[in-house]
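Trainee: Structure file coords12.csv (CSV, C-alpha atoms and all ligand atoms) is given on the next line.
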chain,number,residue,atom,x,y,z
A,1,MET,CA,-92.5,16.0,-19.9
A,2,VAL,CA,-88.8,16.6,-19.7
A,3,LYS,CA,-86.0,16.2,-22.2
A,4,VAL,CA,-82.9,14.8,-20.6
A,5,LEU,CA,-79.6,15.0,-22.5
A,6,MET,CA,-76.6,12.8,-21.4
A,7,VAL,CA,-73.1,13.4,-22.7
A,8,LEU,CA,-71.1,10.3,-21.7
A,9,TYR,CA,-68.1,8.4,-23.0
A,10,ASP,CA,-68.5,5.5,-25.4
A,11,GLY,CA,-68.0,2.1,-23.9
A,12,GLY,CA,-68.0,0.2,-27.1
A,13,LYS,CA,-68.6,-3.6,-27.2
A,14,ILE,CA,-67.5,-4.2,-23.6
A,15,ALA,CA,-70.2,-1.8,-22.3
A,16,ALA,CA,-72.8,-3.2,-24.6
A,17,GLU,CA,-72.6,-6.6,-22.9
A,18,LYS,CA,-75.6,-7.3,-20.7
A,19,ASP,CA,-73.7,-7.6,-17.4
A,20,SER,CA,-71.2,-4.8,-17.9
A,21,GLY,CA,-70.9,-2.5,-14.9
A,22,LEU,CA,-69.8,0.4,-17.2
A,23,LEU,CA,-72.8,2.5,-16.2
A,24,GLY,CA,-71.3,5.8,-17.1
A,25,THR,CA,-71.2,5.0,-20.8
A,26,THR,CA,-73.4,5.8,-23.8
A,27,GLN,CA,-74.4,2.2,-23.8
A,28,LYS,CA,-75.6,2.0,-20.2
A,29,GLU,CA,-76.8,5.6,-19.8
A,30,LEU,CA,-76.3,5.4,-16.0
A,31,GLY,CA,-78.9,2.7,-15.9
A,32,LEU,CA,-81.6,5.4,-16.2
A,33,ARG,CA,-83.2,5.0,-19.6
A,34,SER,CA,-86.2,2.8,-18.7
A,35,TRP,CA,-86.8,4.6,-15.4
A,36,LEU,CA,-87.0,8.0,-17.3
A,37,GLU,CA,-89.1,6.6,-20.2
A,38,GLU,CA,-91.6,4.9,-17.9
A,39,GLN,CA,-92.3,8.4,-16.5
A,40,GLY,CA,-92.8,9.7,-20.0
A,41,HIS,CA,-89.5,11.6,-20.2
A,42,THR,CA,-87.3,11.7,-23.3
A,43,LEU,CA,-83.6,10.7,-23.1
A,44,VAL,CA,-81.0,11.6,-25.7
A,45,THR,CA,-77.5,10.3,-25.2
A,46,THR,CA,-74.3,11.1,-27.1
A,47,SER,CA,-70.6,11.1,-26.8
A,48,ASP,CA,-70.3,13.6,-29.7
A,49,LYS,CA,-69.5,16.8,-27.8
A,50,ASP,CA,-66.8,18.8,-29.5
A,51,GLY,CA,-66.9,21.2,-32.5
A,52,GLU,CA,-69.7,23.5,-33.5
A,53,ASN,CA,-71.9,20.9,-35.1
A,54,SER,CA,-71.6,18.2,-32.4
A,55,GLN,CA,-74.7,16.3,-31.4
A,56,PHE,CA,-74.3,18.0,-28.0
A,57,ASP,CA,-74.7,21.4,-29.6
A,58,GLN,CA,-77.7,20.3,-31.6
A,59,GLU,CA,-79.5,18.6,-28.8
A,60,LEU,CA,-78.9,21.1,-26.0
A,61,VAL,CA,-81.2,23.8,-27.5
A,62,ASP,CA,-84.3,22.2,-26.0
A,63,ALA,CA,-83.0,20.0,-23.2
A,64,GLU,CA,-84.3,20.7,-19.7
A,65,ILE,CA,-81.7,18.6,-18.0
A,66,ILE,CA,-78.1,17.9,-19.1
A,67,ILE,CA,-76.0,15.2,-17.5
A,68,THR,CA,-72.3,14.7,-18.1
A,69,THR,CA,-69.2,13.3,-16.4
A,70,PRO,CA,-65.8,14.8,-15.8
A,71,PHE,CA,-64.3,11.8,-17.6
A,72,HIS,CA,-65.8,12.9,-21.0
A,73,PRO,CA,-67.1,16.4,-20.1
A,74,GLY,CA,-69.7,18.2,-22.2
A,75,TYR,CA,-68.2,21.7,-21.7
A,76,LEU,CA,-71.1,24.0,-20.8
A,77,THR,CA,-69.5,27.3,-22.0
A,78,ALA,CA,-71.3,30.6,-21.8
A,79,GLU,CA,-72.0,30.3,-25.6
A,80,ARG,CA,-73.6,26.9,-25.2
A,81,LEU,CA,-75.6,28.0,-22.1
A,82,ALA,CA,-77.0,31.0,-24.1
A,83,LYS,CA,-78.4,28.5,-26.7
A,84,ALA,CA,-79.9,26.2,-24.0
A,85,LYS,CA,-83.2,28.0,-23.7
A,86,ASN,CA,-85.0,25.3,-21.7
A,87,LEU,CA,-82.1,24.3,-19.4
A,88,LYS,CA,-82.9,24.1,-15.7
A,89,LEU,CA,-80.6,21.5,-14.3
A,90,ALA,CA,-77.0,20.4,-15.1
A,91,ILE,CA,-75.8,17.3,-13.3
A,92,THR,CA,-72.3,16.2,-13.0
A,93,ALA,CA,-72.3,12.4,-12.6
A,94,GLY,CA,-69.1,12.5,-10.5
A,95,ILE,CA,-67.3,15.3,-8.7
A,96,GLY,CA,-66.0,18.6,-10.1
A,97,SER,CA,-68.3,20.9,-12.1
A,98,ASP,CA,-65.5,23.1,-13.6
A,99,HIS,CA,-66.7,22.1,-17.1
A,100,VAL,CA,-69.6,24.5,-16.5
A,101,ASP,CA,-69.2,28.2,-16.8
A,102,LEU,CA,-70.7,28.9,-13.3
A,103,ASN,CA,-71.0,32.7,-13.7
A,104,ALA,CA,-73.0,32.2,-16.9
A,105,ALA,CA,-75.0,29.4,-15.3
A,106,ASN,CA,-76.2,31.8,-12.6
A,107,LYS,CA,-77.6,34.0,-15.4
A,108,THR,CA,-79.0,31.3,-17.7
A,109,ASN,CA,-82.8,31.1,-17.7
A,110,GLY,CA,-83.0,32.9,-14.4
A,111,GLY,CA,-80.4,30.7,-12.8
A,112,ILE,CA,-80.0,27.0,-13.5
A,113,THR,CA,-79.1,24.4,-10.8
A,114,VAL,CA,-75.7,22.8,-11.1
A,115,ALA,CA,-75.3,19.7,-8.9
A,116,GLU,CA,-72.7,16.9,-8.5
A,117,VAL,CA,-72.6,13.6,-6.7
A,118,THR,CA,-70.4,14.7,-3.8
A,119,GLY,CA,-68.3,11.9,-2.2
A,120,SER,CA,-69.2,9.4,-4.9
A,121,ASN,CA,-65.7,8.6,-6.0
A,122,VAL,CA,-63.4,10.0,-3.3
A,123,VAL,CA,-62.1,6.6,-2.2
A,124,SER,CA,-61.5,5.6,-5.8
A,125,VAL,CA,-59.3,8.7,-6.4
A,126,ALA,CA,-57.5,8.4,-3.1
A,127,GLU,CA,-56.5,4.8,-3.9
A,128,HIS,CA,-55.3,5.9,-7.4
A,129,VAL,CA,-53.1,8.7,-5.8
A,130,VAL,CA,-51.4,6.2,-3.4
A,131,MET,CA,-50.8,3.8,-6.3
A,132,THR,CA,-49.3,6.6,-8.5
A,133,ILE,CA,-47.0,7.8,-5.7
A,134,LEU,CA,-45.7,4.2,-5.4
A,135,ILE,CA,-45.4,3.6,-9.1
A,136,LEU,CA,-43.3,6.8,-9.5
A,137,ILE,CA,-41.1,6.5,-6.5
A,138,ARG,CA,-40.4,2.8,-7.1
A,139,ASN,CA,-39.6,3.5,-10.8
A,140,PHE,CA,-42.2,0.9,-11.8
A,141,VAL,CA,-43.0,2.0,-15.4
A,142,PRO,CA,-39.5,1.8,-16.9
A,143,ALA,CA,-38.9,-1.5,-15.0
A,144,HIS,CA,-42.0,-3.1,-16.4
A,145,GLU,CA,-41.2,-1.8,-19.9
A,146,GLN,CA,-37.7,-3.3,-19.6
A,147,VAL,CA,-39.1,-6.8,-18.9
A,148,GLU,CA,-41.6,-6.5,-21.7
A,149,ARG,CA,-38.8,-5.7,-24.1
A,150,GLY,CA,-37.0,-8.9,-23.0
A,151,ASP,CA,-34.2,-7.1,-21.3
A,152,TRP,CA,-32.8,-7.7,-17.8
A,153,ASP,CA,-30.8,-4.8,-16.3
A,154,VAL,CA,-31.4,-4.4,-12.5
A,155,ALA,CA,-29.0,-1.5,-12.1
A,156,ALA,CA,-30.7,0.5,-14.8
A,157,VAL,CA,-34.0,0.6,-12.9
A,158,ALA,CA,-32.9,0.3,-9.3
A,159,ASP,CA,-30.7,3.4,-9.7
A,160,LYS,CA,-33.8,5.6,-9.5
A,161,GLU,CA,-35.9,3.4,-7.2
A,162,PHE,CA,-36.6,4.7,-3.7
A,163,ASP,CA,-38.6,3.8,-0.6
A,164,LEU,CA,-41.7,5.8,0.3
A,165,ALA,CA,-40.9,5.3,4.0
A,166,GLY,CA,-39.2,8.3,5.5
A,167,LYS,CA,-40.2,10.7,2.7
A,168,THR,CA,-42.2,13.9,3.1
A,169,VAL,CA,-45.6,13.9,1.3
A,170,GLY,CA,-47.8,17.0,1.0
A,171,THR,CA,-51.3,17.5,-0.3
A,172,VAL,CA,-52.6,20.7,-1.8
A,173,ALA,CA,-56.1,20.6,-0.2
A,174,VAL,CA,-57.3,18.2,2.5
A,175,GLY,CA,-60.9,17.8,1.4
A,176,ARG,CA,-62.7,14.5,1.1
A,177,ILE,CA,-60.0,13.1,-1.3
A,178,GLY,CA,-56.9,14.8,0.3
A,179,GLU,CA,-57.8,13.5,3.8
A,180,ARG,CA,-58.3,10.0,2.5
A,181,VAL,CA,-54.9,10.1,0.7
A,182,LEU,CA,-53.3,11.1,4.0
A,183,GLN,CA,-55.1,8.4,5.9
A,184,ARG,CA,-54.0,5.8,3.4
A,185,LEU,CA,-50.4,7.0,3.5
A,186,LYS,CA,-50.1,6.8,7.3
A,187,PRO,CA,-48.9,3.2,7.5
A,188,PHE,CA,-46.1,3.9,5.0
A,189,GLY,CA,-44.2,5.9,7.6
A,190,CYS,CA,-44.0,9.2,5.7
A,191,ARG,CA,-44.0,12.7,7.1
A,192,LEU,CA,-47.4,14.1,6.1
A,193,LEU,CA,-48.2,17.7,5.4
A,194,TYR,CA,-51.1,19.6,4.0
A,195,TYR,CA,-52.0,23.1,2.7
A,196,ASP,CA,-55.7,24.1,2.7
A,197,TYR,CA,-57.7,27.2,3.7
A,198,GLN,CA,-59.8,25.0,5.9
A,199,PRO,CA,-58.0,23.0,8.6
A,200,LEU,CA,-58.8,19.4,9.5
A,201,SER,CA,-60.3,19.0,13.0
A,202,GLU,CA,-57.6,18.6,15.6
A,203,GLU,CA,-58.8,15.1,16.2
A,204,ALA,CA,-58.5,14.1,12.5
A,205,GLN,CA,-55.1,15.8,12.4
A,206,ASN,CA,-53.8,13.9,15.4
A,207,THR,CA,-55.3,10.5,14.2
A,208,ILE,CA,-53.5,10.9,10.9
A,209,GLY,CA,-50.4,12.5,12.4
A,210,CYS,CA,-50.2,15.3,9.8
A,211,LYS,CA,-49.2,18.9,10.0
A,212,ARG,CA,-50.9,22.0,8.5
A,213,MET,CA,-48.6,24.4,6.6
A,214,ASP,CA,-49.4,28.1,6.5
A,215,SER,CA,-48.1,28.6,3.0
A,216,LEU,CA,-48.2,26.5,-0.2
A,217,GLU,CA,-44.6,27.6,-1.2
A,218,GLU,CA,-43.3,26.6,2.2
A,219,MET,CA,-44.9,23.2,2.0
A,220,LEU,CA,-43.6,22.6,-1.5
A,221,GLY,CA,-40.0,23.3,-0.4
A,222,GLU,CA,-40.3,20.5,2.2
A,223,CYS,CA,-41.9,17.8,0.1
A,224,ASP,CA,-40.5,14.8,-1.8
A,225,VAL,CA,-44.0,14.1,-3.1
A,226,VAL,CA,-46.8,16.6,-3.8
A,227,THR,CA,-50.4,15.5,-4.5
A,228,ILE,CA,-52.9,18.0,-5.9
A,229,ASN,CA,-56.4,17.5,-4.5
A,230,CYS,CA,-58.1,20.9,-4.8
A,231,PRO,CA,-60.9,21.8,-7.2
A,232,LEU,CA,-60.3,23.8,-10.4
A,233,HIS,CA,-61.5,27.4,-9.9
A,234,GLU,CA,-60.2,30.9,-10.7
A,235,LYS,CA,-57.5,30.7,-8.0
A,236,THR,CA,-56.2,27.3,-8.9
A,237,LYS,CA,-56.2,27.5,-12.7
A,238,GLY,CA,-52.6,27.4,-13.9
A,239,LEU,CA,-51.4,27.3,-10.3
A,240,PHE,CA,-48.5,24.9,-11.0
A,241,ASN,CA,-46.6,27.1,-13.4
A,242,LYS,CA,-42.8,27.4,-13.9
A,243,ASP,CA,-42.5,29.8,-11.0
A,244,LEU,CA,-44.3,27.6,-8.5
A,245,ILE,CA,-42.6,24.4,-9.7
A,246,GLU,CA,-39.3,26.2,-9.1
A,247,LYS,CA,-40.3,26.3,-5.4
A,248,MET,CA,-40.5,22.5,-5.3
A,249,ARG,CA,-37.6,20.3,-4.3
A,250,THR,CA,-35.3,19.2,-7.2
A,251,GLY,CA,-36.0,15.6,-8.0
A,252,SER,CA,-39.5,15.6,-6.3
A,253,TYR,CA,-42.7,14.0,-7.7
A,254,LEU,CA,-46.0,15.7,-8.6
A,255,ILE,CA,-49.3,13.8,-8.7
A,256,ASN,CA,-52.4,15.4,-10.2
A,257,THR,CA,-55.7,13.7,-10.1
A,258,ALA,CA,-57.6,16.9,-9.5
A,259,ARG,CA,-57.9,18.7,-12.9
A,260,GLY,CA,-55.5,19.1,-15.8
A,261,ALA,CA,-55.8,22.9,-16.0
A,262,ILE,CA,-54.4,23.3,-12.5
A,263,VAL,CA,-51.0,22.8,-14.0
A,264,VAL,CA,-49.4,24.5,-17.0
A,265,LYS,CA,-48.8,21.4,-19.1
A,266,GLU,CA,-45.8,22.8,-21.0
A,267,ASP,CA,-44.1,23.9,-17.7
A,268,VAL,CA,-44.6,20.5,-16.1
A,269,ALA,CA,-43.2,18.8,-19.3
A,270,GLU,CA,-40.2,21.0,-19.2
A,271,ALA,CA,-39.6,20.4,-15.5
A,272,LEU,CA,-39.8,16.7,-16.1
A,273,LYS,CA,-37.3,16.9,-19.0
A,274,SER,CA,-34.9,18.9,-17.0
A,275,GLY,CA,-35.1,16.6,-13.9
A,276,LYS,CA,-36.5,19.4,-11.7
A,277,LEU,CA,-39.4,16.9,-11.3
A,278,ALA,CA,-38.4,13.3,-11.1
A,279,GLY,CA,-41.9,12.3,-11.9
A,280,TYR,CA,-45.4,13.4,-12.9
A,281,GLY,CA,-48.5,11.2,-12.7
A,282,GLY,CA,-52.2,11.2,-12.5
A,283,ASP,CA,-55.2,11.0,-14.8
A,284,VAL,CA,-56.5,14.5,-15.6
A,285,TRP,CA,-55.9,16.6,-18.7
A,286,PHE,CA,-57.1,19.7,-20.4
A,287,PRO,CA,-58.9,19.4,-22.7
A,288,GLN,CA,-60.4,15.9,-22.5
A,289,PRO,CA,-59.9,13.7,-24.5
A,290,ALA,CA,-56.3,14.8,-24.5
A,291,PRO,CA,-55.0,15.7,-28.0
A,292,LYS,CA,-52.5,13.2,-29.4
A,293,ASP,CA,-49.7,15.8,-29.1
A,294,HIS,CA,-50.4,16.7,-25.5
A,295,PRO,CA,-46.9,17.1,-24.1
A,296,LEU,CA,-47.7,15.1,-20.9
A,297,ARG,CA,-48.4,12.0,-22.9
A,298,THR,CA,-44.7,11.5,-23.6
A,299,ALA,CA,-42.7,13.8,-21.4
A,300,LYS,CA,-40.0,11.8,-19.4
A,301,ASN,CA,-37.2,12.6,-17.0
A,302,PRO,CA,-33.6,12.5,-18.1
A,303,TRP,CA,-33.4,8.9,-17.1
A,304,GLY,CA,-36.3,7.9,-19.4
A,305,GLY,CA,-39.0,7.4,-16.8
A,306,GLY,CA,-41.1,9.4,-14.4
A,307,ASN,CA,-44.3,9.5,-16.4
A,308,ALA,CA,-47.3,7.8,-14.7
A,309,MET,CA,-50.1,9.4,-16.7
A,310,VAL,CA,-53.3,7.5,-17.6
A,311,PRO,CA,-56.6,8.5,-19.2
A,312,HIS,CA,-59.1,10.1,-16.8
A,313,MET,CA,-60.1,6.9,-15.0
A,314,SER,CA,-59.4,7.1,-11.2
A,315,GLY,CA,-62.9,8.2,-10.3
A,316,THR,CA,-64.7,5.9,-12.7
A,317,SER,CA,-63.9,2.5,-11.3
A,318,ILE,CA,-66.8,0.1,-11.6
A,319,ASP,CA,-67.6,0.7,-7.9
A,320,ALA,CA,-67.6,4.5,-8.4
A,321,GLN,CA,-69.8,4.2,-11.5
A,322,ARG,CA,-72.4,2.5,-9.4
A,323,ARG,CA,-72.3,5.2,-6.8
A,324,TYR,CA,-72.4,8.2,-9.1
A,325,ALA,CA,-75.2,6.6,-11.2
A,326,LYS,CA,-77.2,6.2,-8.0
A,327,GLY,CA,-76.4,9.8,-6.9
A,328,THR,CA,-77.5,11.1,-10.3
A,329,GLU,CA,-80.8,9.3,-10.0
A,330,GLU,CA,-81.3,10.9,-6.5
A,331,ILE,CA,-80.7,14.4,-7.9
A,332,LEU,CA,-83.1,13.7,-10.8
A,333,LYS,CA,-85.7,12.5,-8.3
A,334,SER,CA,-85.4,15.7,-6.4
A,335,TYR,CA,-85.9,17.7,-9.5
A,336,LEU,CA,-88.6,15.7,-11.2
A,337,SER,CA,-90.7,15.4,-8.1
A,338,GLY,CA,-90.8,19.1,-7.8
A,339,LYS,CA,-89.5,18.9,-4.3
A,340,HIS,CA,-86.0,20.2,-5.1
A,341,ASP,CA,-84.8,18.6,-1.8
A,342,TYR,CA,-81.2,18.1,-2.9
A,343,ARG,CA,-78.4,17.2,-0.6
A,344,PRO,CA,-76.9,20.6,0.2
A,345,GLU,CA,-73.4,19.2,-0.3
A,346,ASP,CA,-74.3,18.3,-3.9
A,347,LEU,CA,-75.2,21.9,-5.0
A,348,ILE,CA,-72.7,24.0,-6.8
A,349,VAL,CA,-75.0,26.8,-8.1
A,350,HIS,CA,-78.7,27.0,-7.2
A,351,ASN,CA,-81.4,29.7,-7.3
A,352,GLY,CA,-79.1,32.1,-9.3
A,353,ASP,CA,-76.4,32.0,-6.7
A,354,TYR,CA,-73.3,30.1,-5.7
A,355,ALA,CA,-73.9,27.3,-3.2
A,356,THR,CA,-71.3,26.9,-0.5
A,357,LYS,CA,-69.5,24.1,-2.3
A,358,ALA,CA,-68.7,26.4,-5.2
A,359,TYR,CA,-66.3,28.2,-2.8
A,360,GLY,CA,-64.7,24.9,-1.8
A,361,GLN,CA,-66.6,24.6,1.5
A,362,ARG,CA,-66.6,21.0,2.3
A,363,LYS,CA,-68.7,20.5,5.5
B,401,LIG,P1,-63.9,18.6,-1.4
B,401,LIG,O1,-64.9,19.6,-1.8
B,401,LIG,O2,-64.2,17.6,-0.4
B,401,LIG,O3,-62.6,19.3,-0.9
B,401,LIG,C1,-62.0,20.4,-1.6
B,401,LIG,C2,-60.9,21.0,-0.7
B,401,LIG,O4,-60.1,21.9,-1.5
B,401,LIG,C3,-61.5,21.9,0.4
B,401,LIG,O5,-61.0,21.4,1.6
B,401,LIG,C4,-61.1,23.3,0.1
B,401,LIG,O6,-60.9,24.1,1.2
B,401,LIG,C5,-59.8,23.0,-0.7
B,401,LIG,N1,-59.3,24.1,-1.6
B,401,LIG,C6,-60.0,24.8,-2.5
B,401,LIG,N2,-59.2,25.7,-3.1
B,401,LIG,C7,-57.9,25.5,-2.6
B,401,LIG,C8,-56.7,26.1,-2.8
B,401,LIG,N3,-56.5,27.0,-3.7
B,401,LIG,N4,-55.6,25.6,-2.1
B,401,LIG,C9,-55.8,24.7,-1.1
B,401,LIG,N5,-56.9,24.1,-0.8
B,401,LIG,C10,-58.0,24.5,-1.6
B,401,LIG,O7,-63.5,17.9,-2.8
B,401,LIG,P2,-63.0,16.5,-3.1
B,401,LIG,O8,-64.2,15.6,-3.2
B,401,LIG,O9,-61.9,16.1,-2.2
B,401,LIG,O10,-62.5,16.6,-4.7
B,401,LIG,C11,-61.4,17.5,-5.0
B,401,LIG,C12,-61.3,17.6,-6.5
B,401,LIG,O11,-60.8,16.4,-7.0
B,401,LIG,C13,-62.6,17.8,-7.3
B,401,LIG,O12,-63.0,19.2,-7.3
B,401,LIG,C14,-62.3,17.3,-8.6
B,401,LIG,O13,-61.7,18.4,-9.4
B,401,LIG,C15,-61.2,16.3,-8.4
B,401,LIG,N6,-61.7,14.9,-8.6
B,401,LIG,C16,-61.1,14.1,-9.5
B,401,LIG,C17,-61.6,12.9,-9.8
B,401,LIG,C18,-60.9,12.0,-10.8
B,401,LIG,O14,-61.5,11.0,-11.3
B,401,LIG,N7,-59.6,12.2,-11.2
B,401,LIG,C19,-62.8,12.3,-9.2
B,401,LIG,C20,-63.3,13.2,-8.1
B,401,LIG,C21,-62.8,14.4,-7.9
Transcribe the structure of this file into structure tokens.
Ligand code: NAI
Mentor:
Amino acid sequence: MVKVLMVLYDGGKIAAEKDSGLLGTTQKELGLRSWLEEQGHTLVTTSDKDGENSQFDQELVDAEIIITTPFHPGYLTAERLAKAKNLKLAITAGIGSDHVDLNAANKTNGGITVAEVTGSNVVSVAEHVVMTILILIRNFVPAHEQVERGDWDVAAVADKEFDLAGKTVGTVAVGRIGERVLQRLKPFGCRLLYYDYQPLSEEAQNTIGCKRMDSLEEMLGECDVVTINCPLHEKTKGLFNKDLIEKMRTGSYLINTARGAIVVKEDVAEALKSGKLAGYGGDVWFPQPAPKDHPLRTAKNPWGGGNAMVPHMSGTSIDAQRRYAKGTEEILKSYLSGKHDYRPEDLIVHNGDYATKAYGQRK
């Protein structure tokens, strides 16, 4: 029988309610406890994942399957993988398995499988990106704070409020999320650009009405708004540093719902403070949970706005939780049945080697 370890975020009293849809919490355990226990398997669930004596560290030594989410990631470092002597399968309930040291995973116990639920929350994130672009460009946050304070000063907030129509928006990567962002932006009447190693099909490109750029730097120089939608890997870690941000238009907006470590947080905070960036928004941080003194919690532009950061929530809407819980169950079924008939697009590493998705291949 198999020991399954889940590292999930705590949902507190709201998740404990019978009808709560917060499936991705320690209270609801992706809805999988009774299903696993009926088959004789053991399930241990915790949110305690950081520090040497965390419950995660204690329980992983004999777990065969570890399930975690990008929202509250149980970081599977090389050190932790070396301790996980029974581990065979690591599932990401969501998308993005950068919390696992993939090189080490390929060598752990003859090569473990790392799988994620591809596609499960791409619509959820695309909607959040469009919302964040609008929130920033329409100067929403300072305006709302003003009315809450009891003030009324239209000029103070209208001065930095713009229309999205007519602006140039570019996405770094046009995978499942990036493409959906462009599709949703089409009716706003923007000029749409993308940078990706893999082009969209000509048909998709024509339907959306977007243009592929040969170089990232060139695209950044043309954009009023840049949205980051690539995975975190060796080539994108720290990509948006001082030098790259310098290539962006002064007064442009940067939206990051991909991964916190794709940007150098201090450099983004500095760019916001100087007004190089008029706004920064999104939901991803490194590490997570974000420390209280993380500079992007409070950084603002010189006019006192421009920050649209929230906790990692875009891909964990109630609808998304239903989909990634279901997808996790399907991956578990493939493993527990012994068939190992996974959806190829869910595999990150498998049989001691990188699956195509690890390289960012999307088809
Ligand atoms: P996908 O696999 O469909 O597409 C990824 C795309 O990135 C591919 O087209 C690939 O060619 C491109 N790419 C890779 N490296 C690149 C680079 N250096 N420059 C330009 N393009 C590059 O992935 P999907 O589903 O669109 O997700 C993208 C990322 O979004 C995930 O890896 C994850 O980190 C993040 N994400 C965040 C969520 C959230 O809740 N905030 C939820 C889901 C995903």
Trainee: Check the smallest atom-to-atom distance from each of A:Gly74, A:Thr118, A:Ala155, A:Asp224 to Gly175 (chain A) using only C-alpha atoms, then report the winner.
Mentor: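 Closest to Gly175 (chain A) of all the choices is A:Thr118.
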Trainee: Between A:Lys160, A:Val169, A:Val264, A:Thr257, which has the minimum distance to Gly304 (chain A) (counting all atoms listed in the file)?
Mentor: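 Closest candidate: A:Lys160.
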Trainee: Measuring atom to atom with all atoms listed in the file, identify which of A:Asn307, A:Thr132, A:Thr25, A:Thr92 is nearest to Tyr324 (chain A).
Mentor: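 Closest candidate: A:Thr92.
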Trainee: Let me have all residues with an atom within 8 Å of ligand LIG 401 (chain B), counting all atoms listed in the file, laid out as a ChimeraX atom specification.
Mentor: /A:70-71,94-98,118-122,124-125,172-179,195-199,216,229-233,235-236,256-259,282-284,312-316,357,359-363
Trainee: Pick out the residues sitting within 8 Å of Lys300 (chain A), and hand them over as a list in words; count only C-alpha atoms, and ignore anything fewer than 6 positions along from it in its own chain.
Mentor: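 Everything that qualifies: Ala269, Leu272, Lys273, Gly279, Gly306 and Asn307 of chain A.
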Trainee: How would region 183-197 of chain A look with N, CA and C atoms restored, written as a short mmCIF file (atom, residue, chain, number, x, y, z; two decimals), keeping the file's coordinate frame?
Mentor:
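Done, and the output landed in out.cif:
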data_model
loop_
_atom_site.label_atom_id
_atom_site.label_comp_id
_atom_site.auth_asym_id
_atom_site.auth_seq_id
_atom_site.Cartn_x
_atom_site.Cartn_y
_atom_site.Cartn_z
N GLN A 183 -54.81 9.56 5.10
CA GLN A 183 -55.10 8.40 5.90
C GLN A 183 -54.48 7.12 5.39
N ARG A 184 -54.52 6.97 4.06
CA ARG A 184 -54.00 5.80 3.40
C ARG A 184 -52.44 5.74 3.45
N LEU A 185 -51.84 6.94 3.54
CA LEU A 185 -50.40 7.00 3.50
C LEU A 185 -49.79 6.76 4.94
N LYS A 186 -50.62 6.92 5.95
CA LYS A 186 -50.10 6.80 7.30
C LYS A 186 -49.27 5.57 7.57
N PRO A 187 -49.75 4.37 7.19
CA PRO A 187 -48.90 3.20 7.50
C PRO A 187 -47.62 3.09 6.73
N PHE A 188 -47.42 3.95 5.75
CA PHE A 188 -46.10 3.90 5.00
C PHE A 188 -44.99 4.57 5.74
N GLY A 189 -45.31 5.25 6.84
CA GLY A 189 -44.20 5.90 7.60
C GLY A 189 -43.64 7.09 6.97
N CYS A 190 -44.49 7.90 6.35
CA CYS A 190 -44.00 9.20 5.70
C CYS A 190 -44.27 10.31 6.71
N ARG A 191 -43.63 11.43 6.45
CA ARG A 191 -44.00 12.70 7.10
C ARG A 191 -45.07 13.32 6.28
N LEU A 192 -46.21 13.64 6.90
CA LEU A 192 -47.40 14.10 6.10
C LEU A 192 -47.71 15.54 6.38
N LEU A 193 -47.84 16.32 5.30
CA LEU A 193 -48.20 17.70 5.40
C LEU A 193 -49.38 18.06 4.56
N TYR A 194 -50.06 19.16 4.89
CA TYR A 194 -51.10 19.60 4.00
C TYR A 194 -51.20 21.14 4.00
N TYR A 195 -51.73 21.63 2.85
CA TYR A 195 -52.00 23.10 2.70
C TYR A 195 -53.47 23.19 2.30
N ASP A 196 -54.27 23.90 3.06
CA ASP A 196 -55.70 24.10 2.70
C ASP A 196 -56.16 25.33 3.50
N TYR A 197 -57.14 26.07 2.94
CA TYR A 197 -57.70 27.20 3.70
C TYR A 197 -58.44 26.69 4.92
#
